[in-house]
file upload.txt (compact mmCIF, C-alpha atoms and all ligand atoms)
# COMPACT_ATOMS: atom_id res chain seq x y z
CA MET B 1 167.20 -302.56 -16.51
CA ASP B 2 167.76 -300.17 -19.41
CA ARG B 3 167.36 -296.85 -17.57
CA ILE B 4 168.96 -296.38 -14.16
CA LEU B 5 168.69 -293.33 -11.91
CA VAL B 6 171.70 -292.82 -9.61
CA THR B 7 171.17 -290.34 -6.77
CA GLY B 8 174.34 -288.73 -5.43
CA GLY B 9 176.11 -289.81 -8.63
CA ALA B 10 178.48 -286.82 -8.56
CA GLY B 11 179.93 -287.84 -5.18
CA PHE B 12 182.93 -290.04 -4.37
CA ILE B 13 181.28 -293.48 -4.56
CA GLY B 14 178.26 -292.58 -6.72
CA SER B 15 180.49 -291.30 -9.54
CA ASN B 16 182.62 -294.44 -9.36
CA PHE B 17 179.42 -296.49 -9.64
CA VAL B 18 178.29 -294.53 -12.73
CA HIS B 19 181.64 -295.27 -14.46
CA HIS B 20 181.27 -298.92 -13.40
CA LEU B 21 177.69 -299.14 -14.77
CA ILE B 22 178.69 -297.63 -18.10
CA GLY B 23 181.56 -300.11 -18.46
CA ALA B 24 179.68 -303.19 -17.26
CA THR B 25 176.18 -302.73 -18.77
CA GLU B 26 174.34 -301.17 -21.73
CA ALA B 27 172.18 -299.03 -19.42
CA GLU B 28 171.40 -295.34 -19.85
CA VAL B 29 172.11 -293.49 -16.62
CA THR B 30 170.62 -290.36 -15.09
CA VAL B 31 172.47 -288.79 -12.18
CA LEU B 32 170.32 -286.82 -9.71
CA ASP B 33 172.63 -284.73 -7.56
CA LYS B 34 172.21 -281.49 -5.61
CA LEU B 35 175.89 -280.69 -6.21
CA THR B 36 176.69 -279.92 -2.57
CA TYR B 37 180.24 -279.09 -1.46
CA ALA B 38 180.98 -282.86 -1.67
CA ALA B 39 180.09 -283.24 -5.35
CA SER B 40 182.44 -283.02 -8.29
CA ARG B 41 181.35 -282.66 -11.92
CA GLU B 42 184.93 -283.58 -12.93
CA SER B 43 184.42 -287.08 -11.50
CA LEU B 44 181.85 -287.68 -14.26
CA ALA B 45 184.06 -286.36 -17.09
CA GLY B 46 184.73 -288.63 -20.07
CA LEU B 47 181.45 -290.54 -19.87
CA PRO B 48 179.46 -290.92 -23.12
CA GLU B 49 176.93 -288.06 -23.41
CA SER B 50 174.55 -290.37 -25.24
CA ARG B 51 174.25 -292.57 -22.13
CA VAL B 52 174.74 -290.27 -19.12
CA ARG B 53 172.89 -287.10 -18.14
CA LEU B 54 173.09 -285.01 -14.99
CA VAL B 55 169.97 -283.53 -13.37
CA VAL B 56 170.83 -281.01 -10.67
CA GLY B 57 168.23 -281.34 -7.93
CA ASP B 58 167.41 -282.34 -4.37
CA VAL B 59 166.43 -285.92 -3.55
CA ALA B 60 164.10 -284.47 -0.91
CA ASP B 61 162.15 -282.47 -3.53
CA ALA B 62 159.16 -284.58 -4.66
CA ALA B 63 158.44 -282.23 -7.57
CA VAL B 64 161.81 -283.21 -9.08
CA VAL B 65 161.99 -286.80 -7.84
CA ASP B 66 158.51 -288.15 -8.72
CA PRO B 67 158.56 -287.57 -12.50
CA LEU B 68 162.24 -288.52 -12.75
CA VAL B 69 161.81 -291.84 -10.96
CA ALA B 70 158.83 -292.70 -13.17
CA GLU B 71 161.08 -292.49 -16.27
CA HIS B 72 163.46 -295.20 -14.97
CA ASP B 73 163.55 -298.98 -14.41
CA ALA B 74 165.65 -298.80 -11.25
CA VAL B 75 167.07 -296.32 -8.74
CA VAL B 76 170.40 -296.67 -6.90
CA HIS B 77 170.39 -294.29 -3.93
CA PHE B 78 173.80 -292.93 -2.89
CA ALA B 79 172.79 -289.31 -2.14
CA ALA B 80 173.57 -288.43 1.46
CA GLU B 81 175.41 -286.12 3.77
CA SER B 82 178.27 -288.50 4.50
CA HIS B 83 180.82 -287.03 6.95
CA ASN B 84 180.60 -287.79 10.67
CA ASP B 85 182.57 -284.72 11.76
CA ASN B 86 180.18 -282.43 9.85
CA SER B 87 177.21 -284.13 11.50
CA LEU B 88 178.67 -283.21 14.89
CA ARG B 89 178.97 -279.54 13.84
CA ASP B 90 175.45 -279.32 12.30
CA PRO B 91 173.15 -282.38 12.12
CA SER B 92 170.36 -280.54 10.29
CA PRO B 93 171.28 -281.33 6.63
CA PHE B 94 171.82 -284.97 7.65
CA VAL B 95 168.22 -285.25 8.88
CA GLN B 96 166.93 -283.46 5.79
CA THR B 97 168.84 -285.39 3.10
CA ASN B 98 169.36 -288.79 4.69
CA LEU B 99 165.89 -289.16 6.24
CA VAL B 100 163.54 -286.83 4.33
CA GLY B 101 165.42 -287.51 1.07
CA THR B 102 165.09 -291.29 1.45
CA PHE B 103 161.42 -290.93 2.42
CA THR B 104 160.78 -288.80 -0.69
CA LEU B 105 162.48 -291.38 -2.90
CA LEU B 106 160.55 -294.26 -1.30
CA GLU B 107 157.26 -292.53 -1.99
CA ALA B 108 158.32 -292.00 -5.61
CA VAL B 109 159.34 -295.64 -6.20
CA ARG B 110 156.16 -296.80 -4.46
CA LYS B 111 153.96 -294.74 -6.79
CA ALA B 112 155.90 -295.68 -9.92
CA GLY B 113 156.56 -299.35 -9.04
CA VAL B 114 160.30 -298.92 -9.65
CA ARG B 115 163.11 -301.14 -8.23
CA LEU B 116 165.30 -299.44 -5.57
CA HIS B 117 168.73 -300.23 -4.18
CA HIS B 118 169.54 -298.26 -1.01
CA VAL B 119 173.24 -297.69 -0.25
CA SER B 120 174.03 -297.59 3.45
CA THR B 121 176.87 -297.97 5.91
CA ASP B 122 178.23 -300.43 8.47
CA GLU B 123 178.09 -297.60 11.02
CA VAL B 124 174.43 -298.41 11.65
CA TYR B 125 175.70 -301.32 13.80
CA GLY B 126 177.67 -299.12 16.22
CA ASP B 127 181.17 -300.33 17.06
CA LEU B 128 183.11 -303.40 18.24
CA GLU B 129 185.79 -303.93 20.87
CA LEU B 130 189.30 -304.30 19.43
CA ASP B 131 189.52 -307.93 20.58
CA ASP B 132 185.94 -308.95 19.70
CA PRO B 133 186.14 -312.10 17.53
CA GLN B 134 182.70 -311.29 16.07
CA ARG B 135 182.32 -309.06 13.03
CA PHE B 136 179.15 -307.30 11.84
CA THR B 137 176.66 -309.53 10.02
CA GLU B 138 173.19 -308.85 8.62
CA ALA B 139 171.83 -310.07 12.00
CA THR B 140 173.75 -307.56 14.15
CA PRO B 141 171.34 -305.22 16.03
CA TYR B 142 171.32 -301.56 14.99
CA ASP B 143 173.13 -299.27 17.46
CA PRO B 144 174.27 -296.08 15.68
CA SER B 145 176.46 -293.55 17.52
CA SER B 146 176.58 -290.29 15.58
CA PRO B 147 174.02 -287.95 13.99
CA TYR B 148 175.29 -289.23 10.60
CA SER B 149 175.00 -292.93 11.40
CA SER B 150 171.64 -292.50 13.16
CA THR B 151 170.14 -290.84 10.09
CA LYS B 152 171.53 -293.64 7.88
CA ALA B 153 170.06 -296.21 10.31
CA GLY B 154 166.71 -294.38 10.14
CA SER B 155 166.84 -294.40 6.34
CA ASP B 156 167.42 -298.18 6.36
CA MET B 157 164.40 -298.62 8.64
CA LEU B 158 162.25 -296.56 6.28
CA VAL B 159 163.29 -298.79 3.37
CA ARG B 160 162.51 -301.96 5.34
CA ALA B 161 159.09 -300.61 6.33
CA TRP B 162 158.23 -299.59 2.74
CA VAL B 163 159.18 -303.10 1.56
CA ARG B 164 157.01 -304.79 4.15
CA SER B 165 154.05 -302.39 4.23
CA PHE B 166 153.83 -301.33 0.60
CA GLY B 167 155.65 -304.10 -1.28
CA VAL B 168 158.35 -301.74 -2.55
CA GLN B 169 160.95 -303.73 -4.53
CA ALA B 170 164.07 -302.75 -2.61
CA THR B 171 167.41 -304.12 -1.42
CA ILE B 172 169.85 -302.55 1.06
CA SER B 173 173.64 -302.75 1.35
CA ASN B 174 175.79 -301.70 4.31
CA CYS B 175 179.43 -301.15 3.36
CA SER B 176 182.59 -300.43 5.32
CA ASN B 177 185.05 -297.53 4.78
CA ASN B 178 185.86 -296.79 1.14
CA TYR B 179 189.13 -295.46 -0.22
CA GLY B 180 190.24 -294.50 -3.72
CA PRO B 181 190.36 -291.53 -6.12
CA TRP B 182 187.90 -288.60 -5.94
CA GLN B 183 187.30 -288.79 -2.17
CA HIS B 184 186.83 -285.37 -0.60
CA VAL B 185 189.83 -284.00 1.37
CA GLU B 186 187.72 -283.81 4.53
CA LYS B 187 187.93 -287.63 4.86
CA PHE B 188 190.73 -289.43 6.74
CA ILE B 189 192.91 -290.89 3.97
CA PRO B 190 192.77 -287.90 1.55
CA ARG B 191 193.29 -285.50 4.45
CA GLN B 192 196.48 -287.21 5.57
CA ILE B 193 197.86 -287.62 2.02
CA THR B 194 197.23 -283.95 1.21
CA ASN B 195 198.62 -282.82 4.56
CA VAL B 196 201.90 -284.49 3.63
CA ILE B 197 201.87 -283.12 0.06
CA THR B 198 201.29 -279.57 1.38
CA GLY B 199 204.18 -279.87 3.83
CA GLY B 200 202.08 -280.51 6.96
CA ARG B 201 201.74 -283.52 9.22
CA PRO B 202 199.00 -286.18 9.40
CA LYS B 203 196.49 -285.64 12.23
CA LEU B 204 195.41 -288.66 14.24
CA TYR B 205 192.33 -288.44 16.43
CA GLY B 206 193.20 -289.57 19.97
CA ALA B 207 195.66 -292.46 20.19
CA GLY B 208 195.00 -293.53 16.58
CA LEU B 209 194.02 -297.07 17.57
CA ASN B 210 190.50 -296.97 16.09
CA VAL B 211 190.07 -299.63 13.41
CA ARG B 212 188.34 -299.22 10.05
CA ASP B 213 187.68 -302.02 7.53
CA TRP B 214 188.94 -300.53 4.25
CA ILE B 215 187.51 -301.44 0.84
CA HIS B 216 188.39 -299.94 -2.54
CA THR B 217 185.52 -297.94 -4.00
CA GLU B 218 185.69 -300.05 -7.21
CA ASP B 219 184.87 -303.10 -5.11
CA HIS B 220 181.94 -301.28 -3.47
CA SER B 221 180.61 -300.45 -6.97
CA SER B 222 180.92 -304.04 -8.24
CA ALA B 223 179.13 -305.29 -5.12
CA VAL B 224 176.26 -302.80 -5.52
CA LEU B 225 175.79 -303.79 -9.17
CA THR B 226 175.79 -307.48 -8.19
CA ILE B 227 173.06 -306.82 -5.62
CA LEU B 228 171.05 -304.66 -8.03
CA GLN B 229 171.11 -307.44 -10.63
CA ASN B 230 170.89 -310.57 -8.48
CA GLY B 231 169.94 -309.54 -4.92
CA LYS B 232 166.74 -310.85 -3.36
CA ILE B 233 164.05 -308.21 -2.80
CA GLY B 234 163.73 -307.19 0.84
CA GLU B 235 167.21 -308.46 1.72
CA THR B 236 170.18 -306.66 3.25
CA TYR B 237 173.77 -307.44 2.18
CA LEU B 238 176.92 -306.39 4.02
CA ILE B 239 179.82 -305.32 1.80
CA GLY B 240 183.43 -305.60 2.99
CA ALA B 241 186.81 -306.88 1.82
CA ASP B 242 188.63 -307.98 5.01
CA GLY B 243 190.62 -304.73 5.18
CA GLU B 244 190.90 -304.01 8.92
CA ARG B 245 193.68 -301.54 9.81
CA ASN B 246 194.03 -299.09 12.68
CA ASN B 247 194.41 -295.40 11.85
CA LEU B 248 198.01 -295.26 13.08
CA GLU B 249 198.99 -298.08 10.67
CA VAL B 250 197.36 -296.21 7.75
CA VAL B 251 199.14 -292.95 8.61
CA GLN B 252 202.46 -294.77 8.84
CA MET B 253 201.90 -296.40 5.42
CA ILE B 254 201.31 -292.92 3.96
CA LEU B 255 204.44 -291.53 5.66
CA ARG B 256 206.50 -294.50 4.41
CA HIS B 257 205.27 -293.92 0.85
CA PHE B 258 206.62 -290.34 0.99
CA GLY B 259 209.88 -291.37 2.70
CA ARG B 260 208.96 -289.49 5.88
CA PRO B 261 209.77 -290.68 9.45
CA ALA B 262 207.23 -293.01 11.06
CA ASP B 263 206.59 -290.55 13.93
CA ASP B 264 206.06 -287.48 11.70
CA PHE B 265 202.39 -286.97 12.70
CA ASP B 266 200.33 -285.16 15.38
CA HIS B 267 197.82 -286.55 17.85
CA VAL B 268 194.83 -284.16 17.92
CA THR B 269 191.54 -283.86 19.82
CA ASP B 270 189.48 -287.04 19.48
CA ARG B 271 186.10 -287.12 17.71
CA ALA B 272 183.15 -286.99 20.14
CA GLY B 273 181.55 -290.44 20.44
CA HIS B 274 184.28 -291.90 18.18
CA ASP B 275 183.42 -295.48 17.14
CA LEU B 276 186.27 -297.81 18.09
CA ARG B 277 186.16 -300.54 15.44
CA TYR B 278 184.18 -301.62 12.40
CA ALA B 279 184.58 -305.09 10.86
CA ILE B 280 182.43 -306.70 8.18
CA ASP B 281 181.60 -310.35 7.62
CA ALA B 282 180.56 -310.40 3.94
CA THR B 283 179.87 -314.15 3.81
CA LYS B 284 176.26 -313.70 2.66
CA LEU B 285 177.22 -311.55 -0.34
CA ARG B 286 180.07 -313.88 -1.26
CA THR B 287 178.23 -317.18 -0.92
CA GLU B 288 174.71 -316.24 -2.07
CA LEU B 289 175.63 -313.83 -4.88
CA GLY B 290 179.18 -314.99 -5.70
CA TRP B 291 180.75 -311.51 -5.34
CA GLU B 292 184.50 -311.21 -4.68
CA PRO B 293 186.62 -308.06 -4.27
CA ALA B 294 189.30 -307.33 -6.88
CA TYR B 295 191.50 -305.17 -4.58
CA ARG B 296 192.95 -307.53 -1.98
CA ASP B 297 196.21 -305.73 -1.15
CA PHE B 298 195.39 -302.57 0.82
CA GLU B 299 198.94 -301.16 0.77
CA SER B 300 199.19 -301.25 -3.04
CA GLY B 301 195.64 -299.84 -3.43
CA LEU B 302 196.62 -297.08 -1.02
CA ALA B 303 199.85 -296.39 -2.95
CA ALA B 304 197.87 -295.96 -6.20
CA THR B 305 195.45 -293.65 -4.38
CA ILE B 306 198.34 -291.56 -3.03
CA GLU B 307 199.75 -291.22 -6.56
CA TRP B 308 196.31 -290.14 -7.79
CA TYR B 309 196.24 -287.30 -5.23
CA VAL B 310 199.78 -286.30 -6.19
CA ALA B 311 198.66 -286.08 -9.84
CA HIS B 312 195.32 -284.30 -9.16
CA GLU B 313 196.34 -281.41 -6.94
CA ASP B 314 194.31 -279.01 -9.15
CA TRP B 315 191.17 -280.89 -8.11
CA TRP B 316 191.60 -280.98 -4.33
CA ARG B 317 193.73 -277.87 -3.65
CA PRO B 318 190.81 -275.34 -3.85
CA HIS B 319 189.05 -277.13 -0.95
CA LYS B 320 192.02 -277.84 1.30
CA GLU B 321 192.35 -274.53 3.13
CA ALA B 322 188.69 -274.26 4.16
CA VAL B 323 188.61 -277.90 5.31
CA GLU B 324 191.72 -277.42 7.46
CA ALA B 325 190.31 -274.17 8.94
CA GLY B 326 187.20 -276.11 10.01
CA TYR B 327 189.30 -278.80 11.67
CA ALA B 328 191.63 -276.26 13.32
CA ALA B 329 188.64 -274.53 14.94
CA LYS B 330 187.88 -277.84 16.72
CA GLY B 331 191.50 -278.52 17.71
CA GLN B 332 191.77 -281.21 15.05
P1 LIG J 401 179.91 -288.01 -0.78
O1 LIG J 401 179.68 -287.05 0.34
O2 LIG J 401 181.23 -288.05 -1.45
O3 LIG J 401 178.82 -287.75 -1.93
C1 LIG J 401 177.47 -287.53 -1.64
C2 LIG J 401 176.80 -287.02 -2.93
O4 LIG J 401 175.40 -286.83 -2.63
C3 LIG J 401 177.35 -285.68 -3.39
O5 LIG J 401 177.54 -285.67 -4.80
C4 LIG J 401 176.25 -284.68 -3.00
O6 LIG J 401 176.17 -283.54 -3.84
C5 LIG J 401 175.01 -285.55 -3.12
N1 LIG J 401 173.91 -285.05 -2.30
C6 LIG J 401 173.97 -284.66 -1.00
N2 LIG J 401 172.75 -284.22 -0.60
C7 LIG J 401 171.91 -284.37 -1.66
C8 LIG J 401 170.54 -284.11 -1.87
N3 LIG J 401 169.76 -283.59 -0.89
N4 LIG J 401 169.99 -284.37 -3.08
C9 LIG J 401 170.78 -284.87 -4.09
N5 LIG J 401 172.09 -285.12 -3.95
C10 LIG J 401 172.64 -284.88 -2.74
O7 LIG J 401 179.50 -289.42 -0.20
P2 LIG J 401 180.13 -290.86 -0.50
O8 LIG J 401 181.26 -291.09 0.41
O9 LIG J 401 180.28 -291.01 -1.95
O10 LIG J 401 178.92 -291.78 0.02
C11 LIG J 401 177.85 -292.15 -0.86
C12 LIG J 401 176.88 -293.05 -0.13
O11 LIG J 401 177.56 -294.21 0.32
C13 LIG J 401 176.25 -292.42 1.11
O12 LIG J 401 174.91 -292.82 1.16
C14 LIG J 401 177.04 -293.00 2.27
O13 LIG J 401 176.26 -293.07 3.43
C15 LIG J 401 177.35 -294.37 1.72
N6 LIG J 401 178.57 -295.00 2.25
C16 LIG J 401 179.76 -294.35 2.22
C17 LIG J 401 180.91 -294.98 2.65
C18 LIG J 401 182.27 -294.30 2.64
O14 LIG J 401 183.25 -294.88 3.11
N7 LIG J 401 182.40 -293.11 2.09
C19 LIG J 401 180.84 -296.30 3.17
C20 LIG J 401 179.58 -296.93 3.21
C21 LIG J 401 178.47 -296.29 2.73
O1 LIG J 402 182.21 -297.13 7.77
C1 LIG J 402 181.62 -296.47 6.68
C2 LIG J 402 181.73 -294.96 6.88
O2 LIG J 402 183.10 -294.64 6.67
C3 LIG J 402 180.84 -294.18 5.93
O3 LIG J 402 179.49 -294.45 6.24
C4 LIG J 402 181.10 -292.67 6.02
O4 LIG J 402 180.35 -291.99 5.05
C5 LIG J 402 182.58 -292.43 5.79
O5 LIG J 402 182.88 -291.05 5.95
C6 LIG J 402 183.41 -293.26 6.77
O6 LIG J 402 183.19 -292.82 8.13
P1 LIG J 402 184.42 -292.66 9.18
O7 LIG J 402 183.98 -291.69 10.21
O8 LIG J 402 184.93 -293.98 9.61
O9 LIG J 402 185.51 -292.02 8.18
P2 LIG J 402 186.56 -290.80 8.32
O10 LIG J 402 187.32 -290.78 7.04
O11 LIG J 402 185.92 -289.55 8.74
O12 LIG J 402 187.51 -291.30 9.49
C7 LIG J 402 188.16 -292.57 9.43
C8 LIG J 402 188.88 -292.79 10.77
O13 LIG J 402 189.96 -291.85 10.87
C9 LIG J 402 188.03 -292.55 11.99
O14 LIG J 402 188.45 -293.45 13.01
C10 LIG J 402 188.35 -291.12 12.40
C11 LIG J 402 189.81 -291.02 12.04
N1 LIG J 402 190.32 -289.68 11.63
C12 LIG J 402 189.60 -288.96 10.72
C13 LIG J 402 190.10 -287.74 10.29
C14 LIG J 402 189.31 -286.90 9.29
C15 LIG J 402 191.54 -289.24 12.14
O15 LIG J 402 192.20 -289.91 12.95
N2 LIG J 402 192.02 -288.05 11.69
C16 LIG J 402 191.35 -287.27 10.80
O16 LIG J 402 191.85 -286.18 10.42

call {"tool": "encode", "arguments": {"input": "upload.txt", "output": "structure tokens"}}
result
Amino acid sequence: MDRILVTGGAGFIGSNFVHHLIGATEAEVTVLDKLTYAASRESLAGLPESRVRLVVGDVADAAVVDPLVAEHDAVVHFAAESHNDNSLRDPSPFVQTNLVGTFTLLEAVRKAGVRLHHVSTDEVYGDLELDDPQRFTEATPYDPSSPYSSTKAGSDMLVRAWVRSFGVQATISNCSNNYGPWQHVEKFIPRQITNVITGGRPKLYGAGLNVRDWIHTEDHSSAVLTILQNGKIGETYLIGADGERNNLEVVQMILRHFGRPADDFDHVTDRAGHDLRYAIDATKLRTELGWEPAYRDFESGLAATIEWYVAHEDWWRPHKEAVEAGYAAKGQ
């Protein structure tokens, strides 16, 4: 695979994957990104110009996507509207990008005969009880809760159908919650870190007992590359690193890092339809493809992420006020 097209490559995880690809392979990379509010050109800074180019365009625009796909050996599809809270305010761009965008890309790879890896989420499986001994596996039935997760579930179904009906050469991965540098301040961990830095308090939805299964974005990238190179066509792989923590624990780790009292946070209005718990069983990826995560200690990965936000205030500060105004309007 000499030429790889990465959709959404200017976002949080897509940009990490582009850096990972450049370091781990000899490939030339094209990023196709619409540069929505969630994108950041800075996240792609420092990459060799001879190997990376950015095409600004919409993954749902066949006039852009068809010729671009035909120039590449493989496509890795990260582009999406990705934030649950935004999908509750206005689902429309989620349907357009996550469903119509994936459909447009599938038609392009079908016509050009190009390999596709589709990046998806564990949220397609719905949620688990706190005391459920089972975790999500590739066999768990789909049961999405939010407009975001339902459009991701629909996009997975489109990929599966294009594999079976048209012989498209595709794999799918469903990953748990990512953390690390360059994540938008709308998301849970960056929001709480930057609340503390700006003199505010972390905001916990409801009681704060919802559990997420945290994985460092570098580990997500290494898993996606492993699947792209060695995954079996038509297969789905779950990606996770055994990182279950409830939201209260995460907030208290952040407060401890800054030397603030453990109760220095606010409970705010809960998210509508809030999934209780996600938990990934990544046995298939580990045993069949030999992948292992590098970041095994969540608290030290979180500490490094906190220090990154402390050092990169110029990057996130311009977005903070508008994000907080949006949350405040919903009592969050
Ligand atoms: P993000 O919101 O940070 O980035 C999304 C990127 O896609 C942005 O650069 C944006 O400009 C681009 N984009 C949006 N609409 C587009 C369009 N119509 N055409 C072209 N580009 C468009 O998202 P993220 O957190 O980096 O997530 C990337 C992918 O990984 C998504 O598919 C998401 O569902 C999936 N995922 C995310 C997580 C997580 O924890 N963040 C976990 C599992 C899976
Ligand atoms: O599981 C994978 C998914 O993880 C990805 O598919 C999504 O793209 C990604 O955004 C993430 O979804 P979540 O909804 O789990 O992430 P978020 O960061 O929005 O919230 C994490 C948890 O924190 C969730 O239980 C809601 C809670 N929360 C969130 C915010 C923004 C709070 O308690 N307070 C907050 O201010």

call {"tool": "atom_distance", "arguments": {"input": "upload.txt", "atom1": "CA of Asp281 (chain B)", "atom2": "atom C7 of ligand LIG 402 (chain J)"}}
result
19.0 Å

call {"tool": "closest_atom_pairs", "arguments": {"input": "upload.txt", "of": "chain B", "to": "ligand LIG 401 (chain J)", "cutoff": "8 Å", "atoms": "only C-alpha atoms and all ligand atoms", "output": "Markdown table"}}
result
| residue | atom | partner | partner_atom | distance |
| --- | --- | --- | --- | --- |
| B:Thr7 | CA | J:LIG401 | N5 | 6.0 |
| B:Gly8 | CA | J:LIG401 | O4 | 3.5 |
| B:Gly9 | CA | J:LIG401 | O5 | 5.8 |
| B:Ala10 | CA | J:LIG401 | O5 | 4.0 |
| B:Gly11 | CA | J:LIG401 | O5 | 3.3 |
| B:Phe12 | CA | J:LIG401 | O9 | 3.7 |
| B:Ile13 | CA | J:LIG401 | O9 | 3.7 |
| B:Gly14 | CA | J:LIG401 | O9 | 5.4 |
| B:Ser15 | CA | J:LIG401 | O9 | 7.6 |
| B:Leu32 | CA | J:LIG401 | C9 | 6.0 |
| B:Asp33 | CA | J:LIG401 | N5 | 3.7 |
| B:Lys34 | CA | J:LIG401 | C9 | 4.0 |
| B:Leu35 | CA | J:LIG401 | O6 | 3.7 |
| B:Thr36 | CA | J:LIG401 | O6 | 3.9 |
| B:Tyr37 | CA | J:LIG401 | O6 | 6.5 |
| B:Ala38 | CA | J:LIG401 | O1 | 4.8 |
| B:Ala39 | CA | J:LIG401 | O5 | 3.6 |
| B:Ser40 | CA | J:LIG401 | O5 | 6.6 |
| B:Val56 | CA | J:LIG401 | C9 | 7.6 |
| B:Gly57 | CA | J:LIG401 | C9 | 5.8 |
| B:Asp58 | CA | J:LIG401 | N4 | 3.5 |
| B:Val59 | CA | J:LIG401 | N4 | 3.9 |
| B:Ala60 | CA | J:LIG401 | N3 | 5.7 |
| B:His77 | CA | J:LIG401 | O12 | 7.0 |
| B:Phe78 | CA | J:LIG401 | C12 | 4.1 |
| B:Ala79 | CA | J:LIG401 | O4 | 3.6 |
| B:Ala80 | CA | J:LIG401 | C6 | 4.5 |
| B:Glu81 | CA | J:LIG401 | C6 | 5.2 |
| B:Ser82 | CA | J:LIG401 | O1 | 4.6 |
| B:His83 | CA | J:LIG401 | O1 | 6.7 |
| B:Pro93 | CA | J:LIG401 | N2 | 7.9 |
| B:Gln96 | CA | J:LIG401 | N3 | 7.3 |
| B:Thr97 | CA | J:LIG401 | N3 | 4.5 |
| B:Asn98 | CA | J:LIG401 | N3 | 7.6 |
| B:Gly101 | CA | J:LIG401 | N3 | 6.2 |
| B:His118 | CA | J:LIG401 | O12 | 7.9 |
| B:Val119 | CA | J:LIG401 | O12 | 5.3 |
| B:Ser120 | CA | J:LIG401 | C21 | 4.7 |
| B:Thr121 | CA | J:LIG401 | C21 | 3.9 |
| B:Asp122 | CA | J:LIG401 | C20 | 6.5 |
| B:Glu123 | CA | J:LIG401 | C20 | 8.0 |
| B:Lys152 | CA | J:LIG401 | O13 | 6.5 |
| B:Asn174 | CA | J:LIG401 | C20 | 6.2 |
| B:Cys175 | CA | J:LIG401 | C20 | 4.2 |
| B:Ser176 | CA | J:LIG401 | C19 | 5.0 |
| B:Asn177 | CA | J:LIG401 | O14 | 3.6 |
| B:Asn178 | CA | J:LIG401 | O14 | 3.8 |
| B:Tyr179 | CA | J:LIG401 | O14 | 6.8 |
| B:Gln183 | CA | J:LIG401 | O2 | 6.2 |
| B:His184 | CA | J:LIG401 | O2 | 6.3 |

call {"tool": "residues_near_ligand", "arguments": {"input": "upload.txt", "ligand": "ligand LIG 402 (chain J)", "cutoff": "9 Å", "atoms": "all atoms listed in the file", "output": "JSON, numbers by chain"}}
result
{"B": [80, 81, 82, 83, 84, 85, 120, 121, 122, 123, 124, 148, 149, 152, 174, 175, 176, 177, 178, 179, 185, 186, 187, 188, 189, 190, 191, 192, 202, 203, 204, 205, 206, 207, 208, 209, 210, 211, 212, 213, 214, 246, 247, 248, 251, 267, 268, 270, 271, 274, 275, 276, 277, 278, 279, 327, 332]}

call {"tool": "residues_around", "arguments": {"input": "upload.txt", "residues": "Ser222 (chain B)", "least_positions_apart": "5", "cutoff": "10 Å", "atoms": "all atoms listed in the file", "output": "PyMOL selection string"}}
result
chain B and resi 16-17+20-21+24+217+227-228+291-294

call {"tool": "residues_around", "arguments": {"input": "upload.txt", "residues": "Ala62 (chain B)", "least_positions_apart": "2", "cutoff": "8 Å", "atoms": "all atoms listed in the file", "output": "list in words"}}
result
Val59, Ala60, Val64, Val65, Asp66, Thr104, Leu105 and Ala108 of chain B

call {"tool": "atom_distance", "arguments": {"input": "upload.txt", "atom1": "CA of Ala74 (chain B)", "atom2": "CA of Pro141 (chain B)"}}
result
28.6 Å

call {"tool": "closest_residue", "arguments": {"input": "upload.txt", "among": "B:Ala325, B:Leu302, B:Asn230, B:Leu255", "to": "Gly290 (chain B)", "atoms": "all atoms listed in the file"}}
result
B:Asn230

call {"tool": "closest_residue", "arguments": {"input": "upload.txt", "among": "B:Ala27, B:Ile4, B:Leu47, B:Leu158", "to": "Ala170 (chain B)", "atoms": "all atoms listed in the file"}}
result
B:Leu158

call {"tool": "residues_around", "arguments": {"input": "upload.txt", "residues": "Gly273 (chain B)", "least_positions_apart": "4", "cutoff": "10 Å", "atoms": "all atoms listed in the file", "output": "PDB file with C-alpha atoms, keeping the file's coordinate frame"}}
result
ATOM      1  CA  LEU B  88     178.670-283.210  14.890  1.00  0.00           C
ATOM      2  CA  SER B 145     176.460-293.550  17.520  1.00  0.00           C
ATOM      3  CA  SER B 146     176.580-290.290  15.580  1.00  0.00           C
TER       4      SER B 146
END

call {"tool": "closest_residue", "arguments": {"input": "upload.txt", "among": "B:Glu26, B:Asp2, B:Glu129, B:Glu288", "to": "Leu238 (chain B)", "atoms": "all atoms listed in the file"}}
result
B:Glu288

call {"tool": "closest_residue", "arguments": {"input": "upload.txt", "among": "B:Val95, B:Ile215, B:Ile22, B:Val196", "to": "Asp297 (chain B)", "atoms": "all atoms listed in the file"}}
result
B:Ile215

call {"tool": "residues_around", "arguments": {"input": "upload.txt", "residues": "Arg115 (chain B)", "least_positions_apart": "2", "cutoff": "8 Å", "atoms": "all atoms listed in the file", "output": "PyMOL selection string"}}
result
chain B and resi 73-75+109+113+117+168-170

call {"tool": "write_last_selection", "arguments": {"input": "upload.txt", "atoms": "C-alpha atoms", "output": "compact mmCIF listing (two decimals), keeping the file's coordinate frame"}}
result
# COMPACT_ATOMS: atom_id res chain seq x y z
CA ASP B 73 163.55 -298.98 -14.41
CA ALA B 74 165.65 -298.80 -11.25
CA VAL B 75 167.07 -296.32 -8.74
CA VAL B 109 159.34 -295.64 -6.20
CA GLY B 113 156.56 -299.35 -9.04
CA HIS B 117 168.73 -300.23 -4.18
CA VAL B 168 158.35 -301.74 -2.55
CA GLN B 169 160.95 -303.73 -4.53
CA ALA B 170 164.07 -302.75 -2.61

call {"tool": "atom_distance", "arguments": {"input": "upload.txt", "atom1": "CA of Ile239 (chain B)", "atom2": "CA of Trp315 (chain B)"}}
result
28.7 Å
